[in-house]
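S.K.: Coordinates in start_11.cif, mmCIF, C-alpha atoms and all ligand atoms, are listed below.
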data_coords
loop_
_atom_site.label_atom_id
_atom_site.label_comp_id
_atom_site.auth_asym_id
_atom_site.auth_seq_id
_atom_site.Cartn_x
_atom_site.Cartn_y
_atom_site.Cartn_z
CA MET Q 6 15.05 6.87 22.46
CA TYR Q 7 11.58 6.61 20.93
CA THR Q 8 12.56 8.62 17.86
CA HIS Q 9 9.49 7.21 16.07
CA LEU Q 10 7.22 8.97 18.58
CA GLN Q 11 9.20 12.20 18.38
CA GLN Q 12 8.98 12.12 14.58
CA ARG Q 13 5.17 12.22 14.65
CA ASP Q 14 5.41 15.99 15.19
CA SER Q 15 8.41 16.46 12.93
CA GLU Q 16 8.12 18.44 9.71
CA ARG Q 17 10.09 15.77 7.86
CA PRO Q 18 9.04 12.42 9.35
CA SER Q 19 10.88 9.37 8.05
CA VAL Q 20 9.39 7.65 5.03
CA THR Q 21 7.95 4.25 5.98
CA LEU Q 22 6.17 1.48 4.10
CA ASN Q 23 2.89 3.15 5.15
CA THR Q 24 4.02 6.44 3.60
CA LEU Q 25 4.79 4.63 0.33
CA ALA Q 26 1.44 2.79 0.35
CA GLN Q 27 -0.38 6.10 0.94
CA MET Q 28 1.57 7.73 -1.91
CA LYS Q 29 0.42 4.96 -4.25
CA GLN Q 30 -3.18 5.45 -3.10
CA ARG Q 31 -2.98 9.22 -3.62
CA GLY Q 32 -1.26 8.83 -6.99
CA GLU Q 33 1.79 10.74 -5.73
CA LYS Q 34 4.90 9.53 -7.55
CA ILE Q 35 7.72 8.08 -5.43
CA ALA Q 36 11.18 9.50 -6.26
CA CYS Q 37 13.99 7.01 -5.68
CA LEU Q 38 17.74 7.02 -6.41
CA THR Q 39 20.73 4.85 -5.64
CA ALA Q 40 23.52 5.98 -3.29
CA TYR Q 41 26.69 4.33 -2.06
CA ASP Q 42 28.18 6.73 0.52
CA ALA Q 43 27.19 9.09 3.34
CA THR Q 44 27.93 12.34 1.49
CA PHE Q 45 25.64 11.59 -1.43
CA ALA Q 46 23.06 10.07 0.95
CA ALA Q 47 22.80 13.39 2.85
CA LEU Q 48 22.58 15.28 -0.47
CA LEU Q 49 19.72 13.03 -1.68
CA ASP Q 50 17.91 13.51 1.63
CA ALA Q 51 18.23 17.30 1.40
CA ALA Q 52 16.98 17.24 -2.21
CA GLY Q 53 13.74 15.47 -1.28
CA VAL Q 54 14.34 11.88 -2.48
CA ASP Q 55 11.79 9.50 -0.89
CA VAL Q 56 13.63 6.17 -1.20
CA VAL Q 57 17.36 5.46 -1.38
CA LEU Q 58 18.67 2.14 -2.67
CA VAL Q 59 22.15 0.87 -1.97
CA GLY Q 60 22.14 -1.15 -5.16
CA ASP Q 61 24.60 -3.85 -6.10
CA SER Q 62 25.12 -1.60 -9.14
CA LEU Q 63 27.97 -0.41 -6.90
CA GLY Q 64 29.88 -3.31 -8.43
CA MET Q 65 29.85 -1.40 -11.70
CA VAL Q 66 29.81 2.29 -10.73
CA ILE Q 67 32.07 2.11 -7.65
CA GLN Q 68 34.17 -1.01 -8.14
CA GLY Q 69 34.55 -0.85 -11.92
CA HIS Q 70 33.32 -4.34 -12.77
CA ASP Q 71 31.33 -5.14 -15.93
CA THR Q 72 28.48 -6.73 -13.96
CA THR Q 73 27.10 -6.90 -10.42
CA VAL Q 74 28.15 -10.54 -10.02
CA PRO Q 75 31.42 -9.90 -8.06
CA VAL Q 76 29.61 -7.93 -5.31
CA ASN Q 77 29.42 -9.72 -1.95
CA MET Q 78 27.73 -9.29 1.42
CA ASP Q 79 30.67 -7.44 3.02
CA HIS Q 80 30.53 -4.83 0.25
CA MET Q 81 26.77 -4.33 0.71
CA VAL Q 82 27.07 -4.04 4.50
CA TYR Q 83 29.92 -1.52 4.20
CA HIS Q 84 28.10 0.76 1.74
CA GLY Q 85 24.72 0.27 3.44
CA ALA Q 86 26.12 1.44 6.79
CA ALA Q 87 27.79 4.46 5.16
CA VAL Q 88 24.57 5.51 3.41
CA ALA Q 89 22.47 4.93 6.54
CA ARG Q 90 24.69 7.37 8.45
CA GLY Q 91 23.88 10.11 5.91
CA LEU Q 92 20.09 9.64 5.85
CA HIS Q 93 17.27 10.95 7.98
CA ARG Q 94 14.00 11.03 6.00
CA PRO Q 95 14.31 8.60 3.04
CA PHE Q 96 13.44 4.91 3.29
CA LEU Q 97 16.59 2.81 2.88
CA ILE Q 98 16.66 -0.37 0.79
CA VAL Q 99 19.81 -2.48 0.47
CA ASP Q 100 20.34 -5.17 -2.18
CA LEU Q 101 20.98 -8.81 -1.37
CA PRO Q 102 23.91 -9.49 -3.74
CA PHE Q 103 24.53 -12.40 -6.12
CA MET Q 104 24.11 -15.83 -4.47
CA SER Q 105 23.36 -14.42 -1.02
CA TYR Q 106 19.83 -15.90 -1.08
CA PRO Q 107 20.08 -19.41 -2.62
CA SER Q 108 18.17 -20.92 0.34
CA ARG Q 109 15.66 -19.59 2.86
CA GLU Q 110 18.14 -19.87 5.73
CA LEU Q 111 20.97 -18.05 3.96
CA ALA Q 112 18.56 -15.38 2.73
CA LEU Q 113 17.37 -14.81 6.29
CA ALA Q 114 20.88 -14.67 7.77
CA ASN Q 115 22.03 -12.21 5.09
CA ALA Q 116 18.90 -10.05 5.31
CA VAL Q 117 19.43 -9.81 9.08
CA ARG Q 118 23.04 -8.68 8.46
CA LEU Q 119 21.91 -6.01 6.01
CA MET Q 120 19.44 -4.70 8.61
CA GLN Q 121 21.60 -4.97 11.74
CA GLU Q 122 24.97 -3.99 10.28
CA GLY Q 123 24.00 -2.27 7.01
CA GLY Q 124 21.15 -0.06 8.24
CA ALA Q 125 18.57 -1.45 5.76
CA ARG Q 126 14.87 -1.03 6.43
CA MET Q 127 14.08 -3.29 3.49
CA VAL Q 128 16.07 -5.80 1.45
CA LYS Q 129 15.75 -6.25 -2.32
CA LEU Q 130 16.26 -9.48 -4.20
CA GLU Q 131 16.13 -10.27 -7.88
CA SER Q 132 13.14 -12.54 -8.18
CA GLY Q 133 10.78 -14.68 -10.18
CA LYS Q 134 8.44 -17.47 -9.19
CA ALA Q 135 11.45 -19.47 -7.94
CA GLN Q 136 12.00 -16.92 -5.15
CA THR Q 137 8.43 -16.91 -3.75
CA GLU Q 138 9.39 -19.33 -0.96
CA ILE Q 139 12.31 -17.12 0.04
CA VAL Q 140 10.18 -13.96 0.02
CA GLU Q 141 7.55 -15.78 2.09
CA PHE Q 142 10.18 -16.92 4.61
CA LEU Q 143 11.65 -13.40 4.98
CA ALA Q 144 8.16 -11.86 5.26
CA SER Q 145 7.20 -14.43 7.92
CA HIS Q 146 10.12 -13.05 9.95
CA ASP Q 147 8.78 -9.49 9.50
CA ILE Q 148 11.52 -8.47 7.09
CA ALA Q 149 10.36 -5.94 4.50
CA VAL Q 150 11.11 -7.20 0.99
CA CYS Q 151 11.33 -5.62 -2.45
CA ALA Q 152 10.98 -8.07 -5.36
CA HIS Q 153 13.04 -7.02 -8.42
CA LEU Q 154 11.61 -8.32 -11.72
CA GLY Q 155 12.28 -7.75 -15.42
CA LEU Q 156 15.95 -7.33 -16.29
CA ARG Q 157 17.83 -9.04 -13.46
CA PRO Q 158 21.49 -7.98 -13.71
CA GLN Q 159 22.69 -10.81 -11.43
CA SER Q 160 21.48 -13.29 -14.08
CA VAL Q 161 22.97 -11.68 -17.20
CA HIS Q 162 25.43 -14.52 -17.84
CA LYS Q 163 22.49 -16.94 -17.97
CA THR Q 164 19.92 -14.74 -19.72
CA GLY Q 165 22.28 -13.41 -22.38
CA GLY Q 166 23.01 -9.81 -21.44
CA PHE Q 167 21.39 -6.51 -20.55
CA ARG Q 168 18.22 -6.68 -22.66
CA VAL Q 169 14.64 -5.46 -22.43
CA GLN Q 170 12.52 -8.21 -20.84
CA GLY Q 171 8.85 -9.13 -21.28
CA ARG Q 172 8.46 -8.04 -24.90
CA GLU Q 173 6.73 -11.25 -26.00
CA ASP Q 174 3.14 -11.92 -24.82
CA GLU Q 175 4.09 -15.14 -23.03
CA ALA Q 176 7.01 -13.53 -21.16
CA ALA Q 177 4.82 -10.54 -20.22
CA ARG Q 178 2.08 -12.84 -18.92
CA ARG Q 179 4.63 -14.78 -16.84
CA MET Q 180 6.09 -11.59 -15.34
CA LEU Q 181 2.64 -10.36 -14.33
CA GLU Q 182 1.92 -13.74 -12.72
CA ASP Q 183 5.28 -13.65 -10.92
CA ALA Q 184 4.58 -10.16 -9.56
CA LEU Q 185 1.22 -11.31 -8.20
CA ALA Q 186 2.79 -14.46 -6.70
CA LEU Q 187 5.56 -12.46 -5.03
CA GLU Q 188 3.04 -9.97 -3.63
CA ALA Q 189 0.95 -12.86 -2.28
CA ALA Q 190 4.14 -14.28 -0.72
CA GLY Q 191 4.63 -11.04 1.22
CA ALA Q 192 6.68 -8.67 -0.97
CA ASP Q 193 6.02 -5.09 0.15
CA LEU Q 194 7.40 -3.40 -2.94
CA VAL Q 195 8.01 -4.44 -6.56
CA LEU Q 196 10.81 -3.04 -8.72
CA LEU Q 197 10.58 -3.44 -12.50
CA GLU Q 198 13.68 -2.99 -14.65
CA CYS Q 199 13.80 -2.53 -18.40
CA ILE Q 200 10.40 -3.70 -19.61
CA PRO Q 201 7.83 -2.31 -22.06
CA ALA Q 202 5.84 0.63 -20.67
CA ALA Q 203 2.55 -1.21 -21.25
CA LEU Q 204 3.72 -4.09 -19.05
CA GLY Q 205 4.92 -1.62 -16.37
CA ARG Q 206 1.42 -0.13 -16.34
CA ALA Q 207 -0.31 -3.54 -16.23
CA ILE Q 208 1.77 -4.78 -13.28
CA SER Q 209 1.40 -1.49 -11.37
CA GLN Q 210 -2.36 -1.72 -11.75
CA ALA Q 211 -2.52 -5.42 -10.87
CA VAL Q 212 -0.59 -5.39 -7.58
CA LYS Q 213 -1.62 -3.42 -4.50
CA VAL Q 214 1.91 -2.71 -3.27
CA PRO Q 215 3.87 0.24 -4.71
CA VAL Q 216 5.78 -0.46 -7.92
CA ILE Q 217 9.03 1.37 -8.72
CA GLY Q 218 10.27 1.37 -12.30
CA ILE Q 219 13.60 1.84 -14.05
CA GLY Q 220 13.03 1.81 -17.78
CA ALA Q 221 9.48 0.53 -17.13
CA GLY Q 222 7.50 3.49 -18.44
CA PRO Q 223 5.69 6.43 -16.84
CA ASP Q 224 2.85 4.55 -15.14
CA THR Q 225 4.68 2.81 -12.30
CA ASP Q 226 4.11 4.31 -8.84
CA GLY Q 227 7.66 5.63 -8.68
CA GLN Q 228 10.92 5.88 -10.58
CA ILE Q 229 14.50 4.97 -9.73
CA LEU Q 230 17.76 5.68 -11.54
CA VAL Q 231 21.43 5.17 -10.76
CA LEU Q 232 22.67 8.42 -9.17
CA TYR Q 233 25.93 8.48 -11.12
CA ASP Q 234 23.97 8.23 -14.40
CA ILE Q 235 21.78 11.28 -13.73
CA LEU Q 236 24.88 13.25 -12.70
CA ASP Q 237 26.59 12.11 -15.92
CA LEU Q 238 29.51 10.65 -13.92
CA THR Q 239 29.42 7.24 -15.61
CA ALA Q 240 31.48 6.86 -18.78
CA GLY Q 241 30.29 5.48 -22.09
CA ARG Q 242 26.89 4.79 -23.59
CA LYS Q 243 23.95 5.04 -21.19
CA PRO Q 244 20.75 2.99 -21.24
CA ARG Q 245 17.84 4.59 -23.11
CA PHE Q 246 15.94 5.34 -19.88
CA VAL Q 247 18.71 7.53 -18.38
CA ARG Q 248 18.28 11.31 -18.39
CA ASN Q 249 21.12 13.69 -17.58
CA PHE Q 250 19.96 16.10 -14.85
CA ILE Q 251 23.32 17.78 -14.13
CA SER Q 252 23.32 19.60 -17.42
CA GLY Q 253 21.63 22.95 -16.73
CA SER Q 254 21.88 22.54 -12.92
CA ASP Q 255 24.15 24.65 -10.69
CA SER Q 256 25.11 21.82 -8.36
CA PRO Q 257 24.64 18.06 -7.80
CA GLN Q 258 21.95 18.84 -5.19
CA ALA Q 259 20.07 21.07 -7.66
CA ALA Q 260 20.29 18.24 -10.25
CA VAL Q 261 18.82 15.74 -7.80
CA ALA Q 262 16.08 18.20 -6.81
CA ARG Q 263 15.23 18.59 -10.54
CA TYR Q 264 15.05 14.80 -10.86
CA VAL Q 265 12.66 14.61 -7.87
CA GLN Q 266 10.51 17.35 -9.37
CA ALA Q 267 10.49 15.68 -12.81
CA VAL Q 268 9.38 12.36 -11.26
CA LYS Q 269 6.69 14.00 -9.11
CA THR Q 270 5.21 15.96 -12.03
CA GLY Q 271 5.44 13.02 -14.47
CA GLU Q 272 7.81 14.99 -16.72
CA TYR Q 273 10.26 12.07 -16.37
CA PRO Q 274 10.19 9.54 -17.93
CA ALA Q 275 9.29 10.95 -21.34
CA PRO Q 276 8.47 8.73 -24.35
CA GLU Q 277 12.14 8.70 -25.44
CA HIS Q 278 13.06 6.99 -22.13
CA CYS Q 279 10.54 4.16 -22.56
CA PHE Q 280 10.40 0.81 -24.38
O1 LIG V 1 21.54 -2.27 -8.21
C1 LIG V 1 20.84 -1.29 -8.52
O2 LIG V 1 21.26 -0.13 -8.47
C2 LIG V 1 19.47 -1.55 -8.92
C3 LIG V 1 18.79 -0.42 -9.64
C4 LIG V 1 19.31 -0.32 -11.00
C5 LIG V 1 17.32 -0.55 -9.58
O3 LIG V 1 18.96 -2.60 -8.74
#
Mind converting the file's structure to structure tokens?

M.R.:
Amino acid sequence: MYTHLQQRDSERPSVTLNTLAQMKQRGEKIACLTAYDATFAALLDAAGVDVVLVGDSLGMVIQGHDTTVPVNMDHMVYHGAAVARGLHRPFLIVDLPFMSYPSRELALANAVRLMQEGGARMVKLESGKAQTEIVEFLASHDIAVCAHLGLRPQSVHKTGGFRVQGREDEAARRMLEDALALEAAGADLVLLECIPAALGRAISQAVKVPVIGIGAGPDTDGQILVLYDILDLTAGRKPRFVRNFISGSDSPQAAVARYVQAVKTGEYPAPEHCF
């Protein structure tokens, strides 16, 4: 009972939205990683990760699909609940999967499931201007929302593949406008995937909420990578922004701790990881 009150005196209080906002204000980088099970969740917690995302990337790294499109709500709830059981300090975000938020009502019902059954403190949805109404509806029900812009893997069949987004001036201007519109609609966090570093910086400076980047340059308020990529568990060619942290580390936990340290000091991402 009242664990929130007990945690006020704890040495490792849970990360909240307030913690993340204060980190942005202080200029302290936010270290985030994906996880899909309780064992890795506990390891990430022990290594000092601030935010854990149960990403629908599990469709690729866990289920072996080519895209995230086959992932459904039952999968996200199952993995969310497993990760939640392994976490104490980090803030837990769970993805709304493909076509789970086509209307305000469905988005709300599915976000509630991710929170009640999947342990999420925040839900993430791939967004643009078209999703502002949905973000506004979720926010009006006090659901914390992360808006994911840039490369949106759920849309790859429509947008033509996994490509850097926002390279042209017009596309960059639109993405900045979308980020501002989503923040105004109530998004509490913005995630930027695979965009030029200059655009990552511009959006991070323009919005007040914390911005987490993956392949979005060094100037976002935090960084996220897919856990299996930094541990070099995924086969084949990796995206440019991935850095292998297992090489030179004694254990997976030491590799994750090195990642956290590299994010906090700004050593990661380096120019070779940026667009
Ligand atoms: O699904 C996922 O893991 C993500 C990250 C790549 C940011 O959205």

S.K.: Closest to ligand LIG 1 (chain V) among Q:Val82, Q:Leu48, Q:Leu236, Q:Val195, using all atoms listed in the file?

M.R.: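 Comparing Q:Val82, Q:Leu48, Q:Leu236, Q:Val195 against ligand LIG 1 (chain V), the winner is Q:Val195.
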
S.K.: Extract, using only C-alpha atoms, all DNA, RNA and protein residues at most 8 Å from Leu230 (chain Q), discarding same-chain residues fewer than 2 positions from it, and format them as a list of chain:residue names.

M.R.: Q:Cys37, Q:Leu38, Q:Thr39, Q:Ile219, Q:Gln228, Q:Leu232, Q:Asp234, Q:Ile235, Q:Val247

S.K.: Keeping only C-alpha atoms, write the selected residues to a file as an mmCIF file, keeping the file's coordinate frame.

M.R.:
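Printed below is result26.cif as written:
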data_model
loop_
_atom_site.group_PDB
_atom_site.id
_atom_site.type_symbol
_atom_site.label_atom_id
_atom_site.label_comp_id
_atom_site.auth_asym_id
_atom_site.auth_seq_id
_atom_site.Cartn_x
_atom_site.Cartn_y
_atom_site.Cartn_z
ATOM 1 C CA CYS Q 37 13.990 7.010 -5.680
ATOM 2 C CA LEU Q 38 17.740 7.020 -6.410
ATOM 3 C CA THR Q 39 20.730 4.850 -5.640
ATOM 4 C CA ILE Q 219 13.600 1.840 -14.050
ATOM 5 C CA GLN Q 228 10.920 5.880 -10.580
ATOM 6 C CA LEU Q 232 22.670 8.420 -9.170
ATOM 7 C CA ASP Q 234 23.970 8.230 -14.400
ATOM 8 C CA ILE Q 235 21.780 11.280 -13.730
ATOM 9 C CA VAL Q 247 18.710 7.530 -18.380
#

S.K.: Edge lengths and centre in Å to one decimal, as AutoDock Vina command-line options, of the axis-aligned box that encloses all listed atoms of ligand LIG 1 (chain V) with 4 Å added on every side?

M.R.:
--center_x 19.4 --center_y -1.4 --center_z -9.6 --size_x 12.2 --size_y 10.5 --size_z 10.8

S.K.: Which chains and residue numbers are within 8 Å of ligand LIG 1 (chain V), counting all atoms listed in the file, if I want them as number ranges by chain?

M.R.: Q: 39, 58-63, 73, 100, 153, 158, 196-198, 218-219, 229-231

S.K.: Using all atoms listed in the file, collect all residues at a distance of at most 8 Å from (12.0, -9.9, -9.7) as written in the file, then present them as a VMD selection string.

M.R.: chain Q and resid 130 to 133 152 to 155 157 183 to 184 195 to 197

S.K.: Between Q:Thr270, Q:Asp237, Q:His84, Q:Asp42, single out the one closest to Ser254 (chain Q), counting only C-alpha atoms.

M.R.: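 Smallest separation from Ser254 (chain Q) among the options: Q:Asp237.
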
S.K.: To one decimal place, how far is CA of Ala144 (chain Q) from CA of Gly191 (chain Q) in Å?

M.R.: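 Separation of CA of Ala144 (chain Q) and CA of Gly191 (chain Q): 5.4 Å.
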
S.K.: With distances taken over only C-alpha atoms, which residue among Q:Gly91, Q:Val56, Q:Gly253, Q:Asp226 lies nearest Arg31 (chain Q)?

M.R.: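 Nearest candidate to Arg31 (chain Q) out of Q:Gly91, Q:Val56, Q:Gly253, Q:Asp226: Q:Asp226.
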
S.K.: Can you pull out the residues contacting Arg178 (chain Q)? Cut-off 12 Å, using only C-alpha atoms, and skip same-chain residues under 4 positions away; I want them as number ranges by chain.

M.R.: Q: 155, 170-174, 182-185, 203-205, 207-208, 211

S.K.: Can you tell me, as a PDB file with C-alpha atoms, keeping the file's coordinate frame, which residues sit within 12 Å of (9.1, -18.2, -1.4) in the file's frame, using only C-alpha atoms?

M.R.:
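For reference, out.pdb as written:
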ATOM      1  CA  TYR Q 106      19.830 -15.900  -1.080  1.00  0.00           C
ATOM      2  CA  PRO Q 107      20.080 -19.410  -2.620  1.00  0.00           C
ATOM      3  CA  SER Q 108      18.170 -20.920   0.340  1.00  0.00           C
ATOM      4  CA  ARG Q 109      15.660 -19.590   2.860  1.00  0.00           C
ATOM      5  CA  GLU Q 110      18.140 -19.870   5.730  1.00  0.00           C
ATOM      6  CA  ALA Q 112      18.560 -15.380   2.730  1.00  0.00           C
ATOM      7  CA  LEU Q 113      17.370 -14.810   6.290  1.00  0.00           C
ATOM      8  CA  LEU Q 130      16.260  -9.480  -4.200  1.00  0.00           C
ATOM      9  CA  SER Q 132      13.140 -12.540  -8.180  1.00  0.00           C
ATOM     10  CA  GLY Q 133      10.780 -14.680 -10.180  1.00  0.00           C
ATOM     11  CA  LYS Q 134       8.440 -17.470  -9.190  1.00  0.00           C
ATOM     12  CA  ALA Q 135      11.450 -19.470  -7.940  1.00  0.00           C
ATOM     13  CA  GLN Q 136      12.000 -16.920  -5.150  1.00  0.00           C
ATOM     14  CA  THR Q 137       8.430 -16.910  -3.750  1.00  0.00           C
ATOM     15  CA  GLU Q 138       9.390 -19.330  -0.960  1.00  0.00           C
ATOM     16  CA  ILE Q 139      12.310 -17.120   0.040  1.00  0.00           C
ATOM     17  CA  VAL Q 140      10.180 -13.960   0.020  1.00  0.00           C
ATOM     18  CA  GLU Q 141       7.550 -15.780   2.090  1.00  0.00           C
ATOM     19  CA  PHE Q 142      10.180 -16.920   4.610  1.00  0.00           C
ATOM     20  CA  LEU Q 143      11.650 -13.400   4.980  1.00  0.00           C
ATOM     21  CA  ALA Q 144       8.160 -11.860   5.260  1.00  0.00           C
ATOM     22  CA  SER Q 145       7.200 -14.430   7.920  1.00  0.00           C
ATOM     23  CA  VAL Q 150      11.110  -7.200   0.990  1.00  0.00           C
ATOM     24  CA  ALA Q 152      10.980  -8.070  -5.360  1.00  0.00           C
ATOM     25  CA  ASP Q 183       5.280 -13.650 -10.920  1.00  0.00           C
ATOM     26  CA  ALA Q 186       2.790 -14.460  -6.700  1.00  0.00           C
ATOM     27  CA  LEU Q 187       5.560 -12.460  -5.030  1.00  0.00           C
ATOM     28  CA  GLU Q 188       3.040  -9.970  -3.630  1.00  0.00           C
ATOM     29  CA  ALA Q 189       0.950 -12.860  -2.280  1.00  0.00           C
ATOM     30  CA  ALA Q 190       4.140 -14.280  -0.720  1.00  0.00           C
ATOM     31  CA  GLY Q 191       4.630 -11.040   1.220  1.00  0.00           C
ATOM     32  CA  ALA Q 192       6.680  -8.670  -0.970  1.00  0.00           C
TER      33      ALA Q 192
END

S.K.: Would you mind telling me which residue in Q:Leu238, Q:Val88, Q:Val169, Q:Val57 lies nearest to Pro257 (chain Q) when using all atoms listed in the file?

M.R.: Q:Leu238

S.K.: Write out as a list in words the residues lying within 10 Å of Thr21 (chain Q), counting all atoms listed in the file and excluding same-chain residues fewer than 4 positions away.

M.R.: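 With the cut-off at 10 Å, the set is Leu25, Ala26, Gln27, Asp55, Val56, Arg94, Pro95, Phe96, Leu97 and Arg126 of chain Q.
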
S.K.: Pick from Q:Glu33, Q:Arg168, Q:Val20, Q:Val74: nearest to His93 (chain Q), with only C-alpha atoms counted?

M.R.: Q:Val20

S.K.: Report, in Å to a single decimal, how far apart CA of Gly166 (chain Q) and CA of Tyr264 (chain Q) are.

M.R.: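 Going from CA of Tyr264 (chain Q) over to CA of Gly166 (chain Q) covers 27.9 Å.
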
S.K.: Pick the closest to Val214 (chain Q) from Q:Leu101, Q:Ile35, Q:Leu194, Q:Ala89: which is it, counting all atoms listed in the file?

M.R.: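 Using all atoms listed in the file, Val214 (chain Q) sits closest to Q:Leu194.
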
S.K.: If I take CA of Ile67 (chain Q) and CA of Tyr41 (chain Q), how far is one from the other in Å, to one decimal?

M.R.: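 Distance reported for this atom pair: 8.1 Å.
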
S.K.: Excluding Glu122 (chain Q) and its own-chain neighbours fewer than 4 positions away, which residues fall within 9 Å of it when counting all atoms listed in the file? Please give them as an MDAnalysis selection string.

M.R.: chainID Q and resid 82:83 85:86 117:118
